[in-house]
2 protein chains.
Amino acid sequence: MAAAERCFAESGFDGVSLRAITDAAGVDLALVNYHFGGKDNLLREVIARRARIVHEERVRALEVARQEAGACSPSVEAIVSAFLEPLLRRLLGGDPGWRHYGSLISQLDVLPKFVELTSDVLDPTALHFINALRLALPKAPPEAIYWGYMFLIGSMVQVMSATGRIERLSRGLCRSGDIEGALRELVPFISAGLRALQSRRS
Amino acid sequence: MAAAERCFAESGFDGVSLRAITDAAGVDLALVNYHFGGKDNLLREVIARRARIVHEERVRALEVARQEAGACSPSVEAIVSAFLEPLLRRLLGGDPGWRHYGSLISQLDVLPKFVELTSDVLDPTALHFINALRLALPKAPPEAIYWGYMFLIGSMVQVMSATGRIERLSRGLCRSGDIEGALRELVPFISAGLRALQSRRS
DNA sequence: GTCTATACCGTGATAGAC
DNA sequence: GTCTATCACGGTATAGAC
């Protein structure tokens, strides 16, 4: 699964063959079918494994934020942080698997072919946090919250994809791998953006 | 090229075969090689064709904004609009090719394999607008501007990818194809986000 | 029950004939 | 400028060894 994760992240789902994956893992080709039942299911399991961990920690972080806020709703910043940090902080750790997972999620998120897969895995978390945002932004119309959540995902995906684009643009001033630095800009950016959705139109 | 554009957008670059493309176009498989010189170059030309148009209109729109602003810098909103509208407004028109182009750009933007291609085509525009943003946000540190630009791209990509995710999340309240509605939320979201980058830390 | 080797059949891109 | 023939490679299925 680690090999699959890395290969999928580097070359994309269709860009890599099962043979390349099994070679990298040092196992026989047929084992994929025996243990997972096909390439699609291998992807599904690769995703689901880490998604579960992230989902649980996000919900827990939001719970903590709620307790700290007492009677009122947690701040937008607290909600955004509870969403972003459980995933992004892991990309900093020693396990490269998490970075591959981040890159992979970024790719799948944007492919029409895989909406069903990504929705199955990610929608529960999404709805949980959309609901929290609705309470934190009572004056924002519902459509605005949904779009705002999409923008939040989009900004996060851009960080996780770590394509090296920002190195090129900034001539090395910023680095794709500097999640810490990205997070420092990302939370205020998104929070201010979301708040702006509430101060406009009917 | 129209067939290639559509196929690439729907299934991803590695997800479609040249056969599928040539069948859709009603031409012979080998013609691709003759006219374009391989699958990679076909992609490059498909992208470059529309990228040129968008680049020119973006630069022109920014020029107009500059003239309207007179001596001072155009507002963040004006810059963001000059960047987003030339592309996003076209996705509304009758030509489905533009929607496919949008989806395709979204996919490539996030794939490490294609950074070189996307950078070649998109970096000139990027640097042009990053510079404009620097002037509009004099108090923001340079790194913040680069990250902010990435978040801007990320939010836009999320809209262009049009995967149908937002329909699922909002149970039909928002629609992926409603670029007009997305744009109405997107410009204030990004503008407020960018401005927030300037009011923090050293 | 697990794993290996290999066969199958469709499709990949291209080179060379027309 | 167009089409046919080719060959390597794709995912999947199976037969049999451990």
# chains A, B, ... in the order shown; residues from 1 in each chain; ligands from 1
$ residues_around --residues "DT14 (chain D)" --least-positions-apart "6" --cutoff "10 Å" --atoms "only C-alpha atoms (C1' of nucleotides)" --output "PDB file with N, CA and C atoms (P, O5', C5', C4', C3', O3' and C1' of nucleotides), in the first residue's frame"
ATOM      1  P    DT C   6       7.203 -18.690 -15.686  1.00  0.00           P
ATOM      2  O5'  DT C   6       5.806 -18.558 -16.419  1.00  0.00           O
ATOM      3  C5'  DT C   6       4.830 -19.597 -16.234  1.00  0.00           C
ATOM      4  C4'  DT C   6       3.501 -19.167 -16.816  1.00  0.00           C
ATOM      5  C3'  DT C   6       3.575 -18.459 -18.177  1.00  0.00           C
ATOM      6  O3'  DT C   6       2.660 -19.090 -19.033  1.00  0.00           O
ATOM      7  C1'  DT C   6       2.120 -17.333 -16.764  1.00  0.00           C
ATOM      8  P    DA C   7       2.794 -18.920 -20.602  1.00  0.00           P
ATOM      9  O5'  DA C   7       1.277 -19.003 -21.085  1.00  0.00           O
ATOM     10  C5'  DA C   7       0.328 -19.778 -20.343  1.00  0.00           C
ATOM     11  C4'  DA C   7      -1.034 -19.126 -20.452  1.00  0.00           C
ATOM     12  C3'  DA C   7      -1.332 -18.513 -21.823  1.00  0.00           C
ATOM     13  O3'  DA C   7      -2.653 -18.860 -22.207  1.00  0.00           O
ATOM     14  C1'  DA C   7      -1.612 -16.884 -20.154  1.00  0.00           C
ATOM     15  P    DC C   8      -3.209 -18.507 -23.639  1.00  0.00           P
ATOM     16  O5'  DC C   8      -4.133 -17.248 -23.345  1.00  0.00           O
ATOM     17  C5'  DC C   8      -5.302 -17.410 -22.523  1.00  0.00           C
ATOM     18  C4'  DC C   8      -5.954 -16.059 -22.328  1.00  0.00           C
ATOM     19  C3'  DC C   8      -6.258 -15.323 -23.634  1.00  0.00           C
ATOM     20  O3'  DC C   8      -7.664 -15.175 -23.736  1.00  0.00           O
ATOM     21  C1'  DC C   8      -5.260 -13.869 -22.017  1.00  0.00           C
TER      22       DC C   8
END
$ interface_residues --of "chain A" --to "chain C" --cutoff "12 Å" --atoms "only C-alpha atoms (C1' of nucleotides)" --output "list in words"
Val27, Asp28, Leu29, Ala30, Leu31, Val32, Asn33, Tyr34 and His35 of chain A
$ closest_atom_pairs --of "chain D" --to "chain B" --cutoff "10 Å" --atoms "only C-alpha atoms (C1' of nucleotides)" --output "tab-separated table"
residue	atom	partner	partner_atom	distance
D:DG1	C1'	B:Leu31	CA	8.9
D:DT2	C1'	B:Leu31	CA	7.8
D:DC3	C1'	B:Asp28	CA	7.3
$ write_last_selection --atoms "C-alpha atoms (C1' of nucleotides)" --output "CSV table (one decimal), in the first residue's frame"
chain,number,residue,atom,x,y,z
D,1,DG,C1',-1.2,12.7,-46.4
D,2,DT,C1',-3.5,8.4,-45.0
D,3,DC,C1',-4.0,3.8,-43.3
$ closest_atom_pairs --of "chain B" --to "chain A" --cutoff "6 Å" --atoms "only C-alpha atoms" --output "JSON lines"
{"residue": "B:Asp14", "atom": "CA", "partner": "A:Asp14", "partner_atom": "CA", "distance": 5.3}
{"residue": "B:Gly15", "atom": "CA", "partner": "A:Asp14", "partner_atom": "CA", "distance": 5.4}
{"residue": "B:Gln107", "atom": "CA", "partner": "A:Val110", "partner_atom": "CA", "distance": 5.9}
{"residue": "B:Val110", "atom": "CA", "partner": "A:Ser161", "partner_atom": "CA", "distance": 5.7}
{"residue": "B:Pro112", "atom": "CA", "partner": "A:Thr163", "partner_atom": "CA", "distance": 4.6}
{"residue": "B:Phe151", "atom": "CA", "partner": "A:Ser155", "partner_atom": "CA", "distance": 4.4}
{"residue": "B:Gly154", "atom": "CA", "partner": "A:Gly154", "partner_atom": "CA", "distance": 4.4}
{"residue": "B:Ser155", "atom": "CA", "partner": "A:Phe151", "partner_atom": "CA", "distance": 4.4}
{"residue": "B:Gln158", "atom": "CA", "partner": "A:Gly154", "partner_atom": "CA", "distance": 5.3}
{"residue": "B:Ser161", "atom": "CA", "partner": "A:Val110", "partner_atom": "CA", "distance": 5.7}
{"residue": "B:Thr163", "atom": "CA", "partner": "A:Pro112", "partner_atom": "CA", "distance": 4.6}
{"residue": "B:Phe189", "atom": "CA", "partner": "A:Gly193", "partner_atom": "CA", "distance": 3.9}
{"residue": "B:Ile190", "atom": "CA", "partner": "A:Gly193", "partner_atom": "CA", "distance": 5.9}
{"residue": "B:Ala192", "atom": "CA", "partner": "A:Gly193", "partner_atom": "CA", "distance": 5.0}
{"residue": "B:Gly193", "atom": "CA", "partner": "A:Phe189", "partner_atom": "CA", "distance": 4.0}
{"residue": "B:Ala196", "atom": "CA", "partner": "A:Phe189", "partner_atom": "CA", "distance": 5.9}
$ select_by_dssp --residues "region 10-148 of chain B" --states "alpha helix (DSSP H)" --output "MDAnalysis selection string"
chainID B and resid 10:11 18:25 30:36 39:69 76:88 96:109 115:136 142:148
